[in-house]
$ cat work_12.txt   # compact mmCIF, C-alpha atoms
# COMPACT_ATOMS: atom_id res chain seq x y z
CA MET A 1 51.57 108.36 -78.83
CA LEU A 2 54.57 106.12 -79.48
CA PRO A 3 56.08 107.25 -82.80
CA ARG A 4 59.57 106.15 -81.77
CA THR A 5 58.85 102.56 -80.94
CA SER A 6 58.76 101.11 -84.43
CA PHE A 7 60.89 98.06 -85.08
CA GLN A 8 63.50 100.10 -86.94
CA ARG A 9 63.62 102.82 -84.25
CA MET A 10 64.06 100.28 -81.45
CA LEU A 11 66.83 98.51 -83.34
CA ARG A 12 68.64 101.79 -83.98
CA LEU A 13 68.40 102.90 -80.37
CA ASN A 14 69.58 99.60 -78.97
CA LYS A 15 72.38 99.13 -81.50
CA SER A 16 73.71 102.58 -80.58
CA ILE A 17 74.19 101.22 -77.06
CA SER A 18 75.61 97.84 -78.04
CA LYS A 19 78.15 99.13 -80.60
CA HIS A 20 80.00 101.63 -78.41
CA GLN A 21 78.73 104.73 -80.07
CA ASN A 22 78.71 108.01 -78.16
CA PRO A 23 76.31 107.05 -75.32
CA LEU A 24 78.51 104.19 -74.19
CA ALA A 25 81.76 106.10 -74.48
CA SER A 26 80.50 109.04 -72.43
CA ALA A 27 78.92 106.76 -69.83
CA HIS A 28 82.35 105.45 -68.90
CA ARG A 29 84.02 108.84 -68.85
CA TYR A 30 84.01 108.92 -65.06
CA THR A 31 85.17 105.31 -64.68
CA THR A 32 88.80 104.73 -63.84
CA ASP A 33 89.00 100.98 -63.31
CA ALA A 34 85.96 99.38 -64.97
CA LYS A 35 86.47 97.33 -68.11
CA GLN A 36 84.47 98.52 -71.10
CA PRO A 37 81.58 96.18 -71.94
CA GLU A 38 82.02 94.45 -75.30
CA HIS A 39 79.40 93.85 -78.00
CA GLY A 40 76.63 95.31 -75.86
CA VAL A 41 76.94 92.60 -73.21
CA PHE A 42 77.09 94.00 -69.71
CA ALA A 43 78.73 91.10 -67.90
CA SER A 44 78.13 90.42 -64.25
CA LYS A 45 80.95 90.52 -61.73
CA ARG A 46 80.17 87.22 -60.05
CA THR A 47 82.94 87.70 -57.49
CA GLY A 48 81.94 91.30 -56.81
CA ASP A 49 80.76 92.94 -53.64
CA CYS A 50 77.01 92.31 -53.98
CA THR A 51 75.55 88.82 -53.70
CA LEU A 52 72.12 89.88 -52.38
CA GLY A 53 72.35 86.95 -49.98
CA ARG A 54 72.99 84.31 -52.65
CA THR A 55 75.59 81.58 -52.68
CA PRO A 56 78.25 81.28 -55.43
CA VAL A 57 76.33 78.27 -56.80
CA GLN A 58 73.12 80.32 -57.06
CA LEU A 59 74.97 83.20 -58.72
CA ALA A 60 76.46 80.83 -61.29
CA ARG A 61 72.93 79.80 -62.33
CA THR A 62 71.41 83.25 -62.79
CA PRO A 63 69.84 83.71 -66.24
CA PRO A 64 70.73 86.59 -68.56
CA ILE A 65 68.39 89.55 -68.90
CA GLY A 66 67.53 91.14 -72.24
CA TYR A 67 67.36 94.92 -72.29
CA VAL A 68 65.47 97.17 -74.70
CA TYR A 69 65.40 100.97 -74.74
CA LEU A 70 62.00 102.20 -75.91
CA GLY A 71 62.97 105.86 -76.33
CA ALA A 72 61.56 109.14 -74.97
CA ASP A 73 58.06 110.60 -74.49
CA ILE A 74 56.49 107.21 -73.78
CA GLU A 75 53.00 107.60 -72.32
CA TYR A 76 52.79 106.02 -68.89
CA LEU A 77 49.61 104.01 -69.50
CA LYS A 78 51.04 102.48 -72.65
CA ALA A 79 54.25 101.47 -70.89
CA LEU A 80 52.11 100.08 -68.07
CA GLU A 81 50.06 98.00 -70.51
CA LEU A 82 53.27 96.64 -72.02
CA GLN A 83 54.53 95.67 -68.56
CA GLN A 84 51.27 93.96 -67.66
CA TRP A 85 51.29 92.05 -70.95
CA LEU A 86 54.88 90.89 -70.38
CA VAL A 87 54.10 89.83 -66.80
CA ARG A 88 51.17 87.72 -68.01
CA LYS A 89 53.31 86.15 -70.72
CA ARG A 90 56.03 85.31 -68.22
CA ILE A 91 53.65 83.86 -65.62
CA ASP A 92 51.87 81.70 -68.20
CA ASP A 93 55.22 80.55 -69.60
CA ILE A 94 56.69 79.72 -66.18
CA HIS A 95 53.68 77.92 -64.72
CA GLY A 96 52.87 76.09 -67.93
CA GLN A 97 56.41 74.75 -67.90
CA HIS A 98 56.13 73.90 -64.21
CA GLN A 99 53.79 71.01 -64.93
CA GLN A 100 56.38 69.46 -67.23
CA LEU A 101 59.20 69.90 -64.73
CA LYS A 102 57.17 69.00 -61.66
CA LYS A 103 59.02 65.75 -61.03
CA GLN A 104 62.43 67.03 -62.06
CA GLN A 105 65.02 68.87 -59.99
CA ASN A 106 65.87 71.30 -62.75
CA LYS A 107 67.83 74.21 -61.30
CA GLU A 108 68.04 76.02 -64.64
CA ALA A 109 64.42 75.74 -65.76
CA TRP A 110 64.66 79.17 -67.39
CA LYS A 111 66.60 77.62 -70.30
CA GLY A 112 63.46 75.89 -71.54
CA ARG A 113 61.19 78.94 -71.50
CA LYS A 114 59.97 80.99 -74.42
CA TYR A 115 60.21 84.40 -72.71
CA PRO A 116 63.35 85.62 -70.92
CA ASP A 117 63.66 88.25 -68.23
CA VAL A 118 63.30 91.70 -69.80
CA LEU A 119 64.64 95.08 -68.76
CA LEU A 120 62.54 97.92 -70.21
CA LEU A 121 64.26 101.32 -70.24
CA LEU A 122 62.60 104.55 -71.32
CA GLN A 123 61.72 108.17 -70.64
CA HIS A 124 58.08 109.00 -69.95
CA ALA A 125 56.01 111.88 -71.20
CA PRO A 126 55.19 114.11 -68.16
CA VAL A 127 53.06 112.17 -65.66
CA TYR A 128 52.32 112.08 -61.94
CA THR A 129 51.84 108.55 -60.61
CA ASN A 130 50.46 107.46 -57.26
CA GLY A 131 50.90 104.15 -55.44
CA ARG A 132 48.22 101.71 -54.35
CA ARG A 133 47.95 103.08 -50.79
CA ASN A 134 46.70 106.43 -52.18
CA ARG A 135 44.18 105.16 -54.71
CA GLY A 136 41.16 107.46 -54.73
CA LYS A 137 42.56 109.85 -52.11
CA LEU A 138 43.19 112.88 -54.34
CA THR A 139 40.20 115.08 -55.03
CA ALA A 140 39.20 116.07 -58.54
CA ALA A 141 40.41 119.61 -57.82
CA GLU A 142 43.83 118.36 -56.73
CA ILE A 143 44.17 116.23 -59.85
CA GLU A 144 43.11 119.18 -61.99
CA ARG A 145 45.79 121.35 -60.34
CA LEU A 146 48.47 118.75 -61.05
CA CYS A 147 47.51 118.16 -64.65
CA LYS A 148 46.57 121.61 -65.88
CA SER A 149 48.72 124.21 -64.10
CA GLY A 150 51.70 125.31 -66.20
CA ASN A 151 52.87 122.55 -68.51
CA HIS A 152 50.37 119.74 -68.87
CA ALA A 153 50.89 116.31 -67.35
CA GLU A 154 48.89 113.14 -66.85
CA TYR A 155 47.86 111.63 -63.53
CA VAL A 156 47.73 107.85 -63.04
CA GLU A 157 46.97 105.72 -60.00
CA THR A 158 48.84 102.41 -60.10
CA SER A 159 49.22 99.11 -58.28
CA ARG A 160 52.87 99.68 -57.36
CA GLY A 161 54.13 100.44 -53.88
CA GLY A 162 55.17 103.93 -52.84
CA GLU A 163 53.50 107.32 -52.94
CA ILE A 164 53.08 110.11 -55.48
CA THR A 165 56.01 110.97 -57.75
CA PHE A 166 56.76 112.47 -61.15
CA HIS A 167 58.11 110.87 -64.32
CA GLY A 168 59.15 112.81 -67.40
CA PRO A 169 61.85 113.85 -69.85
CA GLY A 170 65.43 113.64 -68.61
CA GLN A 171 64.60 110.81 -66.21
CA LEU A 172 65.81 107.25 -66.86
CA VAL A 173 63.10 104.75 -65.94
CA VAL A 174 63.97 101.08 -65.51
CA TYR A 175 61.25 98.41 -65.42
CA PRO A 176 62.60 94.88 -64.74
CA ILE A 177 60.24 92.04 -65.69
CA MET A 178 62.13 89.34 -63.76
CA HIS A 179 61.26 85.98 -62.23
CA LEU A 180 62.81 86.29 -58.77
CA ARG A 181 63.04 82.55 -58.12
CA ASP A 182 65.30 82.11 -61.14
CA HIS A 183 67.67 84.61 -59.51
CA GLY A 184 67.41 83.18 -56.00
CA LEU A 185 65.92 86.43 -54.74
CA GLY A 186 63.15 87.54 -52.41
CA ALA A 187 61.28 90.82 -52.76
CA ARG A 188 63.44 92.66 -50.22
CA CYS A 189 66.68 91.58 -51.89
CA PHE A 190 65.24 92.62 -55.26
CA VAL A 191 64.60 96.14 -53.94
CA ASP A 192 68.13 96.22 -52.49
CA GLY A 193 69.46 95.26 -55.92
CA LEU A 194 67.57 98.09 -57.63
CA GLU A 195 68.90 100.59 -55.11
CA ASN A 196 72.42 99.20 -55.51
CA SER A 197 72.12 99.60 -59.30
CA VAL A 198 71.33 103.29 -58.92
CA ILE A 199 74.05 103.84 -56.31
CA LYS A 200 76.64 102.22 -58.59
CA THR A 201 75.39 104.26 -61.56
CA CYS A 202 75.69 107.52 -59.64
CA ALA A 203 79.22 106.57 -58.59
CA ARG A 204 80.18 106.32 -62.28
CA PHE A 205 79.54 110.05 -62.46
CA SER A 206 81.33 110.83 -59.19
CA VAL A 207 78.05 111.36 -57.34
CA ASP A 208 77.86 109.84 -53.86
CA ALA A 209 74.44 108.24 -53.35
CA HIS A 210 73.10 105.93 -50.67
CA ARG A 211 69.97 104.40 -49.18
CA MET A 212 68.37 105.70 -46.00
CA ALA A 213 66.78 103.41 -43.42
CA GLY A 214 63.01 103.82 -43.44
CA PHE A 215 62.98 105.85 -46.66
CA PRO A 216 62.73 103.97 -49.98
CA GLY A 217 64.68 105.08 -53.01
CA VAL A 218 68.18 106.49 -53.37
CA TRP A 219 69.45 109.66 -51.70
CA THR A 220 72.37 112.04 -52.05
CA SER A 221 71.81 113.69 -48.68
CA ASP A 222 69.39 113.47 -45.76
CA THR A 223 66.94 115.67 -47.66
CA GLN A 224 67.69 115.14 -51.36
CA LYS A 225 66.34 112.16 -53.29
CA ILE A 226 67.77 111.32 -56.71
CA ALA A 227 65.79 108.17 -57.54
CA ALA A 228 62.27 107.00 -56.71
CA LEU A 229 61.43 103.33 -56.36
CA GLY A 230 58.17 101.42 -56.46
CA THR A 231 57.70 97.77 -57.36
CA ARG A 232 55.10 95.06 -57.71
CA CYS A 233 55.55 91.29 -57.62
CA GLN A 234 53.00 88.77 -58.95
CA ARG A 235 53.82 85.07 -58.53
CA TYR A 236 57.49 86.03 -58.25
CA VAL A 237 57.44 88.11 -61.48
CA THR A 238 58.31 91.77 -60.95
CA SER A 239 57.07 94.94 -62.61
CA HIS A 240 57.42 98.70 -62.14
CA GLY A 241 60.89 99.64 -60.89
CA VAL A 242 63.11 102.67 -60.40
CA ALA A 243 63.43 106.17 -61.89
CA LEU A 244 66.74 108.08 -61.81
CA ASN A 245 66.72 111.85 -62.31
CA CYS A 246 69.41 112.68 -64.87
CA THR A 247 68.54 116.06 -66.41
CA THR A 248 64.93 116.18 -65.18
CA ASP A 249 63.30 119.61 -64.83
CA LEU A 250 62.89 119.54 -61.05
CA ARG A 251 60.20 122.22 -61.09
CA TRP A 252 57.71 119.43 -61.85
CA PHE A 253 58.24 118.20 -58.28
CA ASP A 254 57.19 121.58 -56.84
CA ARG A 255 53.52 120.61 -57.30
CA ILE A 256 53.74 117.58 -54.99
CA VAL A 257 55.31 116.28 -51.80
CA PRO A 258 57.60 113.75 -53.55
CA CYS A 259 56.91 110.23 -52.31
CA GLY A 260 54.80 111.73 -49.50
CA LEU A 261 57.89 112.83 -47.54
CA ASP A 262 57.62 116.30 -46.01
CA GLY A 263 60.91 118.17 -45.83
CA LYS A 264 62.48 116.10 -48.61
CA VAL A 265 63.15 117.33 -52.15
CA ALA A 266 64.08 115.83 -55.50
CA THR A 267 67.50 116.34 -57.03
CA SER A 268 69.25 115.16 -60.19
CA LEU A 269 72.69 114.28 -61.50
CA GLU A 270 72.65 117.51 -63.49
CA ARG A 271 71.85 119.70 -60.48
CA ILE A 272 74.51 118.07 -58.31
CA LEU A 273 77.21 118.46 -60.96
CA LEU A 274 76.19 122.04 -61.76
CA HIS A 275 76.42 122.98 -58.07
CA ARG A 276 79.81 121.30 -57.94
CA CYS A 277 80.93 123.38 -60.93
CA ASP A 278 79.66 126.56 -59.26
CA ASP A 279 81.54 125.73 -56.08
CA GLY A 280 84.76 124.67 -57.79
CA GLY A 281 84.80 126.78 -60.93
CA GLY A 282 84.20 123.85 -63.30
CA ASP A 283 82.72 123.90 -66.78
CA ARG A 284 78.94 124.33 -66.52
CA THR A 285 78.37 123.60 -70.22
CA ALA A 286 79.75 120.06 -69.91
CA SER A 287 77.45 118.86 -67.15
CA LYS A 288 74.16 118.46 -69.02
CA SER A 289 75.56 116.44 -71.92
CA ASP A 290 77.60 114.28 -69.56
CA VAL A 291 74.53 113.13 -67.62
CA SER A 292 71.91 112.96 -70.36
CA VAL A 293 69.82 109.80 -70.37
CA ASN A 294 71.79 108.53 -73.38
CA SER A 295 75.01 108.88 -71.38
CA VAL A 296 73.65 107.38 -68.16
CA LEU A 297 71.82 104.44 -69.73
CA PRO A 298 74.87 102.23 -70.47
CA ALA A 299 76.24 102.91 -66.99
CA MET A 300 72.90 101.80 -65.53
CA LEU A 301 72.96 98.57 -67.54
CA ASP A 302 76.50 97.80 -66.39
CA SER A 303 75.61 98.61 -62.78
CA PHE A 304 72.46 96.49 -62.94
CA ALA A 305 74.50 93.51 -64.17
CA SER A 306 76.99 94.00 -61.36
CA ALA A 307 74.34 94.47 -58.66
CA PHE A 308 72.25 91.45 -59.64
CA GLY A 309 75.09 89.13 -60.65
CA CYS A 310 73.70 88.39 -64.11
CA ASP A 311 74.57 89.22 -67.70
CA VAL A 312 72.54 92.00 -69.33
CA VAL A 313 72.43 91.68 -73.11
CA PRO A 314 70.45 93.22 -76.00
CA LEU A 315 67.02 91.60 -76.11
CA GLU A 316 67.04 91.33 -79.90
CA GLY A 317 70.07 89.05 -79.59
CA LEU A 318 68.90 87.07 -76.56
CA SER A 319 65.36 86.47 -77.83
CA PRO A 320 64.55 87.89 -81.28
CA ALA A 321 61.01 86.49 -81.01
CA THR A 322 60.33 88.35 -77.74
CA PHE A 323 61.82 91.55 -79.17
CA SER A 324 59.55 91.24 -82.22
CA GLU A 325 56.49 90.53 -80.06
CA ILE A 326 57.20 93.66 -78.00
CA GLN A 327 57.39 95.71 -81.19
CA THR A 328 54.07 94.26 -82.35
CA LYS A 329 52.45 94.88 -78.97
CA LEU A 330 53.65 98.49 -78.90
CA ALA A 331 52.26 99.04 -82.38
CA SER A 332 48.86 97.69 -81.28
CA ILE A 333 48.90 99.85 -78.14
CA ASP A 334 49.77 102.85 -80.28
CA GLN A 335 46.55 102.33 -82.22
CA GLN A 336 44.53 102.95 -79.07
CA PRO A 337 43.27 106.46 -78.29
CA SER A 338 45.32 108.48 -75.82
CA THR A 339 43.92 108.54 -72.28
CA HIS A 340 44.82 111.14 -69.70
CA THR A 341 43.83 111.37 -66.01
CA SER A 342 43.42 107.67 -65.33
CA HIS A 343 43.32 104.89 -62.77
CA SER A 344 45.00 101.55 -63.45
$ encode --input "work_12.txt" --output "structure tokens"
Amino acid sequence: MLPRTSFQRMLRLNKSISKHQNPLASAHRYTTDAKQPEHGVFASKRTGDCTLGRTPVQLARTPPIGYVYLGADIEYLKALELQQWLVRKRIDDIHGQHQQLKKQQNKEAWKGRKYPDVLLLLQHAPVYTNGRRNRGKLTAAEIERLCKSGNHAEYVETSRGGEITFHGPGQLVVYPIMHLRDHGLGARCFVDGLENSVIKTCARFSVDAHRMAGFPGVWTSDTQKIAALGTRCQRYVTSHGVALNCTTDLRWFDRIVPCGLDGKVATSLERILLHRCDDGGGDRTASKSDVSVNSVLPAMLDSFASAFGCDVVPLEGLSPATFSEIQTKLASIDQQPSTHTSHS
């Protein structure tokens, strides 16, 4: 269920980010030269190192993105329904407006739309998800083993790209609902931007991460993957996204071959920093609090703004109506009965 996604809960969570309370302060602990974001606005660095193939003129026209943190223990199917609802709203909004602007050369059409780009951030309740290429391939016995052995988890087949992975507590999940044309991006550049966001976030915590040719996601070594990535794009509107392991219990990954890659394993910010403490005699007790989701989330928002060359601002300030509609939609979803092993 979604007990933490009431209007008041969402406001409290998001205001704790935008007002420089503890999550924001600790997120910048490892930063030596970055300016602190002000008033919850994570401003893009338009002259930075990542243009994703866009010209300065295109970068100057990028729309802002409104972020909302939904909290922890969010059931996957309910977050998926929210994404699908937002995608439909955005597509209808964009293509309804298109008829009005058909004869105009309006390069900033997004200014006349009802719904802005939205960045959903959350932690899922334990769930194994599979990509579209593996739909129907797991046997009932295999699904039963995943869901029932040890701690219980759900299993969901989705329409995203990628293979099987795990989502759960201690993992920061980022779902961008973006219209790529407004940002001058293609699908490949969008994926590059997501990976860059994670790489920049890891760097804030002195963790060296990178992409590997032929292997999606973000890696800290040739065999250790710290973030899984799977996206979908419908009429240039994106959904699904990226999941960064912060303090995730990595034993959940023992039941699967993560992302279908033999010989590769999952890692987390916590594990890397703990190993570094063991090797160098550092303080083990500091590591978990330093890389909790609450600490990493503001760094991710700042890195996302930098990677995509756009401003990332609280959704309730950018579009109060959209924020309110999301709250209402979540409340209606929460009225539905919980569904486990599922296909969607």
$ residues_around --input "work_12.txt" --residues "Glu325 (chain A)" --least-positions-apart "3" --cutoff "12 Å" --atoms "only C-alpha atoms" --output "list in words"
Ser6, Phe7, Leu82, Trp85, Leu86, Lys89, Lys114, Tyr115, Leu315, Glu316, Ser319, Pro320, Ala321, Thr322, Thr328, Lys329, Leu330, Ala331 and Ser332 of chain A
$ atom_distance --input "work_12.txt" --atom1 "CA of Arg188 (chain A)" --atom2 "CA of Val218 (chain A)"
15.0 Å
$ closest_residue --input "work_12.txt" --among "A:Thr55, A:Asp222, A:Gly96, A:Phe323" --to "Val68 (chain A)" --atoms "only C-alpha atoms"
A:Phe323
$ atom_distance --input "work_12.txt" --atom1 "CA of Leu59 (chain A)" --atom2 "CA of Leu180 (chain A)"
12.5 Å
$ atom_distance --input "work_12.txt" --atom1 "CA of Val87 (chain A)" --atom2 "CA of Lys137 (chain A)"
27.4 Å
$ residues_around --input "work_12.txt" --residues "Gly241 (chain A)" --least-positions-apart "6" --cutoff "7 Å" --atoms "only C-alpha atoms" --output "list in words"
Val174, Tyr175, Pro176, Leu229, Gly230 and Thr231 of chain A
$ residues_around --input "work_12.txt" --residues "His210 (chain A)" --least-positions-apart "4" --cutoff "8 Å" --atoms "all atoms listed in the file" --output "list of chain:residue names"
A:Ile199, A:Val218, A:Trp219, A:Thr220
$ closest_residue --input "work_12.txt" --among "A:Gln327, A:Gln336, A:Ser239, A:Gln58" --to "Asp182 (chain A)" --atoms "all atoms listed in the file"
A:Gln58
$ residues_near_point --input "work_12.txt" --point "(55.2, 110.1, -57.8)" --cutoff "8 Å" --atoms "all atoms listed in the file" --output "ChimeraX atom specification"
/A:128-131,162-167,228,258-259
$ closest_residue --input "work_12.txt" --among "A:Ile326, A:Leu146, A:Leu297, A:Val291" --to "Phe253 (chain A)" --atoms "only C-alpha atoms"
A:Leu146
$ axis_aligned_box --input "work_12.txt" --around "region 230-246 of chain A" --padding-each-side "5 Å" --output "lines of an AutoDock Vina configuration file"
center_x = 61.2
center_y = 98.9
center_z = -60.7
size_x = 26.4
size_y = 37.6
size_z = 18.4
$ closest_residue --input "work_12.txt" --among "A:Leu250, A:Glu81, A:Asn151, A:Ile256" --to "Leu138 (chain A)" --atoms "all atoms listed in the file"
A:Ile256
$ residues_around --input "work_12.txt" --residues "Ala227 (chain A)" --least-positions-apart "6" --cutoff "8 Å" --atoms "all atoms listed in the file" --output "MDAnalysis selection string"
chainID A and resid 198 217:219 242:245
$ closest_residue --input "work_12.txt" --among "A:Ala72, A:Gln171, A:Trp110, A:Ile94" --to "His183 (chain A)" --atoms "all atoms listed in the file"
A:Trp110
$ residues_around --input "work_12.txt" --residues "Val127 (chain A)" --least-positions-apart "5" --cutoff "7 Å" --atoms "only C-alpha atoms" --output "ChimeraX atom specification"
/A:76,153-155,166-168
$ closest_residue --input "work_12.txt" --among "A:Ala141, A:Val265, A:Val207, A:Leu119" --to "Val313 (chain A)" --atoms "only C-alpha atoms"
A:Leu119
